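With TSV, C-alpha atoms inside, this is upload_9.tsv:
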```tsv
chain	number	residue	atom	x	y	z
A	11	MET	CA	69.85	101.97	111.13
A	12	ASP	CA	72.89	100.47	109.46
A	13	LYS	CA	74.50	97.38	110.90
A	14	MET	CA	78.27	97.67	111.19
A	15	ARG	CA	80.16	96.27	108.21
A	16	MET	CA	83.80	95.54	108.95
A	17	MET	CA	86.81	94.74	106.79
A	18	LEU	CA	89.74	92.87	108.30
A	19	VAL	CA	93.05	93.42	106.47
A	20	ASP	CA	96.05	91.24	107.35
A	21	ASP	CA	98.67	89.31	105.39
A	22	GLU	CA	98.52	86.36	107.83
A	23	GLU	CA	95.92	84.03	106.27
A	24	GLY	CA	95.51	81.97	109.47
A	25	PHE	CA	94.77	85.06	111.50
A	26	LEU	CA	92.31	86.32	108.86
A	27	SER	CA	90.29	83.11	108.61
A	28	THR	CA	90.20	82.42	112.36
A	29	THR	CA	89.31	85.99	113.27
A	30	LYS	CA	86.64	86.17	110.56
A	31	LYS	CA	84.99	83.00	111.92
A	32	LEU	CA	85.07	84.34	115.48
A	33	LEU	CA	83.60	87.68	114.40
A	34	GLU	CA	80.85	86.05	112.36
A	35	ARG	CA	79.91	83.85	115.33
A	36	LYS	CA	79.43	87.08	117.29
A	37	GLY	CA	77.14	88.43	114.56
A	38	VAL	CA	79.58	90.82	112.91
A	39	GLN	CA	79.35	91.24	109.13
A	40	VAL	CA	82.98	90.99	107.99
A	41	THR	CA	84.92	90.81	104.77
A	42	THR	CA	88.64	90.18	104.54
A	43	ALA	CA	91.61	91.25	102.44
A	44	SER	CA	95.12	89.81	102.60
A	45	SER	CA	96.91	92.91	101.27
A	46	GLY	CA	96.54	96.64	101.14
A	47	HIS	CA	95.92	96.60	97.40
A	48	GLU	CA	93.18	93.99	97.78
A	49	ALA	CA	91.57	96.06	100.56
A	50	LEU	CA	91.48	99.18	98.39
A	51	GLU	CA	90.00	97.20	95.48
A	52	LYS	CA	87.28	95.76	97.72
A	53	LEU	CA	86.51	99.14	99.29
A	54	ALA	CA	85.81	100.51	95.81
A	55	GLY	CA	82.93	98.05	95.44
A	56	GLU	CA	81.74	97.37	98.98
A	57	SER	CA	80.20	99.52	101.68
A	58	VAL	CA	82.40	99.24	104.78
A	59	HIS	CA	82.17	101.27	107.98
A	60	VAL	CA	85.23	100.05	109.90
A	61	VAL	CA	88.55	98.67	108.67
A	62	ILE	CA	90.78	96.72	111.05
A	63	LEU	CA	94.17	97.14	109.42
A	64	ASP	CA	97.45	95.38	110.12
A	65	VAL	CA	100.41	97.78	110.29
A	66	LYS	CA	103.12	95.42	109.00
A	67	MET	CA	102.36	93.91	105.60
A	68	PRO	CA	104.58	93.25	102.61
A	69	GLY	CA	104.19	95.60	99.68
A	70	MET	CA	101.85	98.36	100.80
A	71	ASP	CA	102.16	98.73	104.58
A	72	GLY	CA	99.29	99.60	106.88
A	73	VAL	CA	100.08	103.31	107.17
A	74	ALA	CA	100.13	103.69	103.37
A	75	VAL	CA	96.80	101.83	103.15
A	76	LEU	CA	95.39	104.01	105.92
A	77	LYS	CA	96.33	107.20	104.07
A	78	ALA	CA	94.77	105.88	100.84
A	79	VAL	CA	91.58	104.85	102.65
A	80	LYS	CA	91.21	108.20	104.41
A	81	SER	CA	91.90	110.05	101.13
A	82	ARG	CA	89.35	108.07	99.10
A	83	TYR	CA	86.78	107.18	101.80
A	84	PRO	CA	87.09	109.78	104.57
A	85	LEU	CA	84.14	108.47	106.59
A	86	VAL	CA	85.55	104.94	106.84
A	87	GLN	CA	86.95	104.42	110.31
A	88	VAL	CA	90.30	102.62	110.57
A	89	VAL	CA	91.66	100.80	113.60
A	90	MET	CA	95.32	99.81	113.30
A	91	LEU	CA	96.34	96.33	114.42
A	92	THR	CA	99.89	95.23	115.02
A	93	GLY	CA	101.86	92.34	116.40
A	94	HIS	CA	104.97	94.46	116.17
A	95	GLY	CA	103.61	97.38	118.12
A	96	THR	CA	105.75	100.38	118.55
A	97	VAL	CA	104.74	103.73	119.87
A	98	ASP	CA	106.08	105.28	116.64
A	99	SER	CA	103.87	103.20	114.31
A	100	ALA	CA	100.85	103.78	116.54
A	101	MET	CA	101.45	107.53	116.62
A	102	GLU	CA	101.98	107.69	112.86
A	103	GLY	CA	98.73	105.80	112.33
A	104	LEU	CA	96.81	108.08	114.69
A	105	ARG	CA	98.30	111.20	113.05
A	106	SER	CA	97.27	109.82	109.66
A	107	GLY	CA	93.63	109.36	110.63
A	108	ALA	CA	93.33	106.04	112.47
A	109	THR	CA	90.73	106.10	115.22
A	110	ASP	CA	92.62	103.68	117.46
A	111	TYR	CA	95.14	100.87	117.50
A	112	LEU	CA	95.25	97.39	118.99
A	113	MET	CA	98.03	94.93	119.78
A	114	LYS	CA	98.12	91.28	118.66
A	115	PRO	CA	97.23	88.87	120.03
A	116	ILE	CA	93.86	90.50	120.43
A	117	ASP	CA	90.87	89.36	122.43
A	118	ILE	CA	87.91	89.07	120.03
A	119	ASP	CA	85.59	90.95	122.41
A	120	GLU	CA	88.10	93.82	122.66
A	121	LEU	CA	88.36	93.91	118.87
A	122	ILE	CA	84.56	94.08	118.55
A	123	ALA	CA	84.36	96.78	121.24
A	124	LYS	CA	86.93	98.97	119.43
A	125	ALA	CA	85.18	98.39	116.10
A	126	GLU	CA	81.82	99.34	117.64
A	127	GLU	CA	83.34	102.55	119.06
A	128	ALA	CA	84.65	103.37	115.59
A	129	PHE	CA	81.24	102.57	114.07
A	130	VAL	CA	79.60	105.04	116.46
A	131	ARG	CA	82.05	107.68	115.18
A	132	TRP	CA	81.03	106.78	111.62
A	133	GLN	CA	77.33	107.13	112.53
A	134	ILE	CA	77.90	110.54	114.15
A	135	MET	CA	79.79	111.82	111.11
A	136	GLU	CA	77.16	110.43	108.73
A	137	GLU	CA	74.40	112.14	110.72
A	138	LYS	CA	76.26	115.48	110.70
A	139	ILE	CA	76.61	115.24	106.93
A	140	ARG	CA	72.93	114.35	106.54
A	141	ILE	CA	71.96	117.39	108.64
A	142	ALA	CA	74.34	119.68	106.76
A	143	GLU	CA	72.85	118.54	103.46
A	144	GLY	CA	69.34	119.12	104.77
A	145	ARG	CA	68.45	115.42	104.60
A	146	ALA	CA	67.87	114.85	108.30
A	147	PRO	CA	65.20	112.16	108.73
A	148	ASP	CA	63.04	114.42	110.93
A	149	ARG	CA	63.35	117.54	108.72
A	150	LYS	CA	60.46	118.38	106.43
A	151	PRO	CA	61.24	119.63	102.91
A	152	LYS	CA	60.36	123.28	102.15
```

With the file now loaded, output its structure as structure tokens.
Amino acid sequence: MDKMRMMLVDDEEGFLSTTKKLLERKGVQVTTASSGHEALEKLAGESVHVVILDVKMPGMDGVAVLKAVKSRYPLVQVVMLTGHGTVDSAMEGLRSGATDYLMKPIDIDELIAKAEEAFVRWQIMEEKIRIAEGRAPDRKPK
């Protein structure tokens, strides 16, 4: 079984480094990106199950990154994160494919819980694809 691999995307370097350390202490495998463009570049070369994505970033904002991620990597689960939470940005994110959203400041255990929920969704989708392709682990070839 895969262990959850998370990407944390936020333009606030202090938040990124502190949160990454806290997540790693809890046993979470995490990579970081400080912009939407960097996140998309890293996703092209890394296997990630769950992206925790800041809504408000300079350049490419979180909703634009979300749409690009869902277009290129539809199985990747995205949880939106904002310190400037509005119902509108949350709704736009959810309509665009985010699995959930969280408000800053965030409790690290709540962040992990939401990421784990998203990872379960990833696992379910992956299993459905495996079954549809006839690659189910318990299925014998013809």

Which residues of range 59-122 of chain A come within 8 Å of range 13-23 of chain A, and for each one, what is the closest pair of atoms and their distance in Å to one decimal, counting only C-alpha atoms, sorted by chain and residue number, as a Markdown table?
```
| residue | atom | partner | partner_atom | distance |
| --- | --- | --- | --- | --- |
| A:His59 | CA | A:Arg15 | CA | 5.4 |
| A:Val60 | CA | A:Met16 | CA | 4.8 |
| A:Val61 | CA | A:Met17 | CA | 4.7 |
| A:Ile62 | CA | A:Leu18 | CA | 4.8 |
| A:Leu63 | CA | A:Val19 | CA | 4.9 |
| A:Asp64 | CA | A:Asp20 | CA | 5.2 |
| A:Met67 | CA | A:Asp21 | CA | 5.9 |
| A:Pro68 | CA | A:Asp21 | CA | 7.6 |
```

Resulting file, chosen residues, C-alpha atoms, as a tab-separated table (two decimals), in the frame of the given file:
```tsv
chain	number	residue	atom	x	y	z
A	59	HIS	CA	82.17	101.27	107.98
A	60	VAL	CA	85.23	100.05	109.90
A	61	VAL	CA	88.55	98.67	108.67
A	62	ILE	CA	90.78	96.72	111.05
A	63	LEU	CA	94.17	97.14	109.42
A	64	ASP	CA	97.45	95.38	110.12
A	67	MET	CA	102.36	93.91	105.60
A	68	PRO	CA	104.58	93.25	102.61
```

* Asked: Which residue gives the smallest distance to Glu102 in chain A among A:Lys30, A:Lys77, A:Lys114, A:His47, with all atoms listed in the file counted?
  ->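 So, comparing all the options, the nearest one is A:Lys77.
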
* To do: For Leu112 in chain A, work out the shell of residues within 10 Å, counting all atoms listed in the file and skipping chain neighbours fewer than 4 positions away, then give it as a list in words.
  =>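 Surrounding residues, per the criterion: Ile62, Leu63, Asp64, Val89, Met90, Leu91, Thr92, Gly93, Gly95, Ala100, Ile116, Asp117, Glu120, Leu121 and Lys124 of chain A.
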
* **Residues within 12 Å of Tyr83 in chain A, only C-alpha atoms, excluding chain neighbours under 2 positions, as a PyMOL selection string** => chain A and resi 50+53-61+75-81+85-88+107+132

* Asked: What is the CA of Tyr111 in chain A-CA of Ser99 in chain A distance in Å, reported with one decimal?
  -> 9.6 Å

Could you add N, CA and C atoms to range 34-67 of chain A and give me the result as a PDB file, in the frame of the given file?
```
ATOM      1  N   GLU A  34      82.147  86.444 112.906  1.00  0.00           N
ATOM      2  CA  GLU A  34      80.850  86.050 112.360  1.00  0.00           C
ATOM      3  C   GLU A  34      80.004  85.317 113.402  1.00  0.00           C
ATOM      4  N   ARG A  35      80.650  84.512 114.246  1.00  0.00           N
ATOM      5  CA  ARG A  35      79.910  83.850 115.330  1.00  0.00           C
ATOM      6  C   ARG A  35      79.302  84.849 116.300  1.00  0.00           C
ATOM      7  N   LYS A  36      79.926  86.020 116.401  1.00  0.00           N
ATOM      8  CA  LYS A  36      79.430  87.080 117.290  1.00  0.00           C
ATOM      9  C   LYS A  36      78.447  87.999 116.557  1.00  0.00           C
ATOM     10  N   GLY A  37      78.127  87.659 115.304  1.00  0.00           N
ATOM     11  CA  GLY A  37      77.140  88.430 114.560  1.00  0.00           C
ATOM     12  C   GLY A  37      77.671  89.609 113.780  1.00  0.00           C
ATOM     13  N   VAL A  38      78.987  89.703 113.630  1.00  0.00           N
ATOM     14  CA  VAL A  38      79.580  90.820 112.910  1.00  0.00           C
ATOM     15  C   VAL A  38      79.664  90.469 111.424  1.00  0.00           C
ATOM     16  N   GLN A  39      79.229  91.405 110.583  1.00  0.00           N
ATOM     17  CA  GLN A  39      79.350  91.240 109.130  1.00  0.00           C
ATOM     18  C   GLN A  39      80.760  91.660 108.749  1.00  0.00           C
ATOM     19  N   VAL A  40      81.562  90.716 108.237  1.00  0.00           N
ATOM     20  CA  VAL A  40      82.980  90.990 107.990  1.00  0.00           C
ATOM     21  C   VAL A  40      83.415  90.452 106.635  1.00  0.00           C
ATOM     22  N   THR A  41      84.244  91.237 105.990  1.00  0.00           N
ATOM     23  CA  THR A  41      84.920  90.810 104.770  1.00  0.00           C
ATOM     24  C   THR A  41      86.415  90.889 105.053  1.00  0.00           C
ATOM     25  N   THR A  42      87.204  90.183 104.272  1.00  0.00           N
ATOM     26  CA  THR A  42      88.640  90.180 104.540  1.00  0.00           C
ATOM     27  C   THR A  42      89.423  90.548 103.284  1.00  0.00           C
ATOM     28  N   ALA A  43      90.651  90.982 103.512  1.00  0.00           N
ATOM     29  CA  ALA A  43      91.610  91.250 102.440  1.00  0.00           C
ATOM     30  C   ALA A  43      92.986  90.878 102.983  1.00  0.00           C
ATOM     31  N   SER A  44      93.797  90.253 102.137  1.00  0.00           N
ATOM     32  CA  SER A  44      95.120  89.810 102.600  1.00  0.00           C
ATOM     33  C   SER A  44      96.241  90.754 102.190  1.00  0.00           C
ATOM     34  N   SER A  45      95.891  91.900 101.609  1.00  0.00           N
ATOM     35  CA  SER A  45      96.910  92.910 101.270  1.00  0.00           C
ATOM     36  C   SER A  45      96.234  94.279 101.213  1.00  0.00           C
ATOM     37  N   GLY A  46      97.067  95.290 101.241  1.00  0.00           N
ATOM     38  CA  GLY A  46      96.540  96.640 101.140  1.00  0.00           C
ATOM     39  C   GLY A  46      95.878  96.899  99.799  1.00  0.00           C
ATOM     40  N   HIS A  47      96.495  96.401  98.735  1.00  0.00           N
ATOM     41  CA  HIS A  47      95.920  96.600  97.400  1.00  0.00           C
ATOM     42  C   HIS A  47      94.565  95.919  97.283  1.00  0.00           C
ATOM     43  N   GLU A  48      94.450  94.705  97.809  1.00  0.00           N
ATOM     44  CA  GLU A  48      93.180  93.990  97.780  1.00  0.00           C
ATOM     45  C   GLU A  48      92.116  94.758  98.586  1.00  0.00           C
ATOM     46  N   ALA A  49      92.514  95.293  99.724  1.00  0.00           N
ATOM     47  CA  ALA A  49      91.570  96.060 100.560  1.00  0.00           C
ATOM     48  C   ALA A  49      91.036  97.262  99.799  1.00  0.00           C
ATOM     49  N   LEU A  50      91.914  97.997  99.130  1.00  0.00           N
ATOM     50  CA  LEU A  50      91.480  99.180  98.390  1.00  0.00           C
ATOM     51  C   LEU A  50      90.571  98.795  97.223  1.00  0.00           C
ATOM     52  N   GLU A  51      90.862  97.683  96.559  1.00  0.00           N
ATOM     53  CA  GLU A  51      90.000  97.200  95.480  1.00  0.00           C
ATOM     54  C   GLU A  51      88.608  96.859  96.019  1.00  0.00           C
ATOM     55  N   LYS A  52      88.564  96.151  97.146  1.00  0.00           N
ATOM     56  CA  LYS A  52      87.280  95.760  97.720  1.00  0.00           C
ATOM     57  C   LYS A  52      86.495  96.968  98.227  1.00  0.00           C
ATOM     58  N   LEU A  53      87.191  97.942  98.799  1.00  0.00           N
ATOM     59  CA  LEU A  53      86.510  99.140  99.290  1.00  0.00           C
ATOM     60  C   LEU A  53      85.838  99.915  98.161  1.00  0.00           C
ATOM     61  N   ALA A  54      86.390  99.813  96.962  1.00  0.00           N
ATOM     62  CA  ALA A  54      85.810 100.510  95.810  1.00  0.00           C
ATOM     63  C   ALA A  54      84.430  99.942  95.465  1.00  0.00           C
ATOM     64  N   GLY A  55      84.184  98.675  95.818  1.00  0.00           N
ATOM     65  CA  GLY A  55      82.930  98.050  95.440  1.00  0.00           C
ATOM     66  C   GLY A  55      82.035  97.641  96.597  1.00  0.00           C
ATOM     67  N   GLU A  56      82.504  97.811  97.824  1.00  0.00           N
ATOM     68  CA  GLU A  56      81.740  97.370  98.980  1.00  0.00           C
ATOM     69  C   GLU A  56      81.563  98.526  99.960  1.00  0.00           C
ATOM     70  N   SER A  57      80.436  98.525 100.644  1.00  0.00           N
ATOM     71  CA  SER A  57      80.200  99.520 101.680  1.00  0.00           C
ATOM     72  C   SER A  57      80.749  98.970 103.000  1.00  0.00           C
ATOM     73  N   VAL A  58      81.747  99.647 103.535  1.00  0.00           N
ATOM     74  CA  VAL A  58      82.400  99.240 104.780  1.00  0.00           C
ATOM     75  C   VAL A  58      82.434 100.435 105.711  1.00  0.00           C
ATOM     76  N   HIS A  59      82.130 100.198 106.988  1.00  0.00           N
ATOM     77  CA  HIS A  59      82.170 101.270 107.980  1.00  0.00           C
ATOM     78  C   HIS A  59      83.504 101.317 108.722  1.00  0.00           C
ATOM     79  N   VAL A  60      84.027 100.134 109.065  1.00  0.00           N
ATOM     80  CA  VAL A  60      85.230 100.050 109.900  1.00  0.00           C
ATOM     81  C   VAL A  60      86.223  99.079 109.273  1.00  0.00           C
ATOM     82  N   VAL A  61      87.468  99.520 109.159  1.00  0.00           N
ATOM     83  CA  VAL A  61      88.550  98.670 108.670  1.00  0.00           C
ATOM     84  C   VAL A  61      89.495  98.403 109.840  1.00  0.00           C
ATOM     85  N   ILE A  62      89.754  97.120 110.082  1.00  0.00           N
ATOM     86  CA  ILE A  62      90.780  96.720 111.050  1.00  0.00           C
ATOM     87  C   ILE A  62      91.996  96.377 110.218  1.00  0.00           C
ATOM     88  N   LEU A  63      93.058  97.149 110.367  1.00  0.00           N
ATOM     89  CA  LEU A  63      94.170  97.140 109.420  1.00  0.00           C
ATOM     90  C   LEU A  63      95.494  96.826 110.082  1.00  0.00           C
ATOM     91  N   ASP A  64      96.133  95.747 109.618  1.00  0.00           N
ATOM     92  CA  ASP A  64      97.450  95.380 110.120  1.00  0.00           C
ATOM     93  C   ASP A  64      98.475  96.434 109.694  1.00  0.00           C
ATOM     94  N   VAL A  65      99.391  96.782 110.587  1.00  0.00           N
ATOM     95  CA  VAL A  65     100.410  97.780 110.290  1.00  0.00           C
ATOM     96  C   VAL A  65     101.486  97.201 109.384  1.00  0.00           C
ATOM     97  N   LYS A  66     101.976  96.016 109.719  1.00  0.00           N
ATOM     98  CA  LYS A  66     103.120  95.420 109.000  1.00  0.00           C
ATOM     99  C   LYS A  66     102.628  94.419 107.969  1.00  0.00           C
ATOM    100  N   MET A  67     102.706  94.812 106.697  1.00  0.00           N
ATOM    101  CA  MET A  67     102.360  93.910 105.600  1.00  0.00           C
ATOM    102  C   MET A  67     103.371  94.129 104.484  1.00  0.00           C
TER     103      MET A  67
END
```
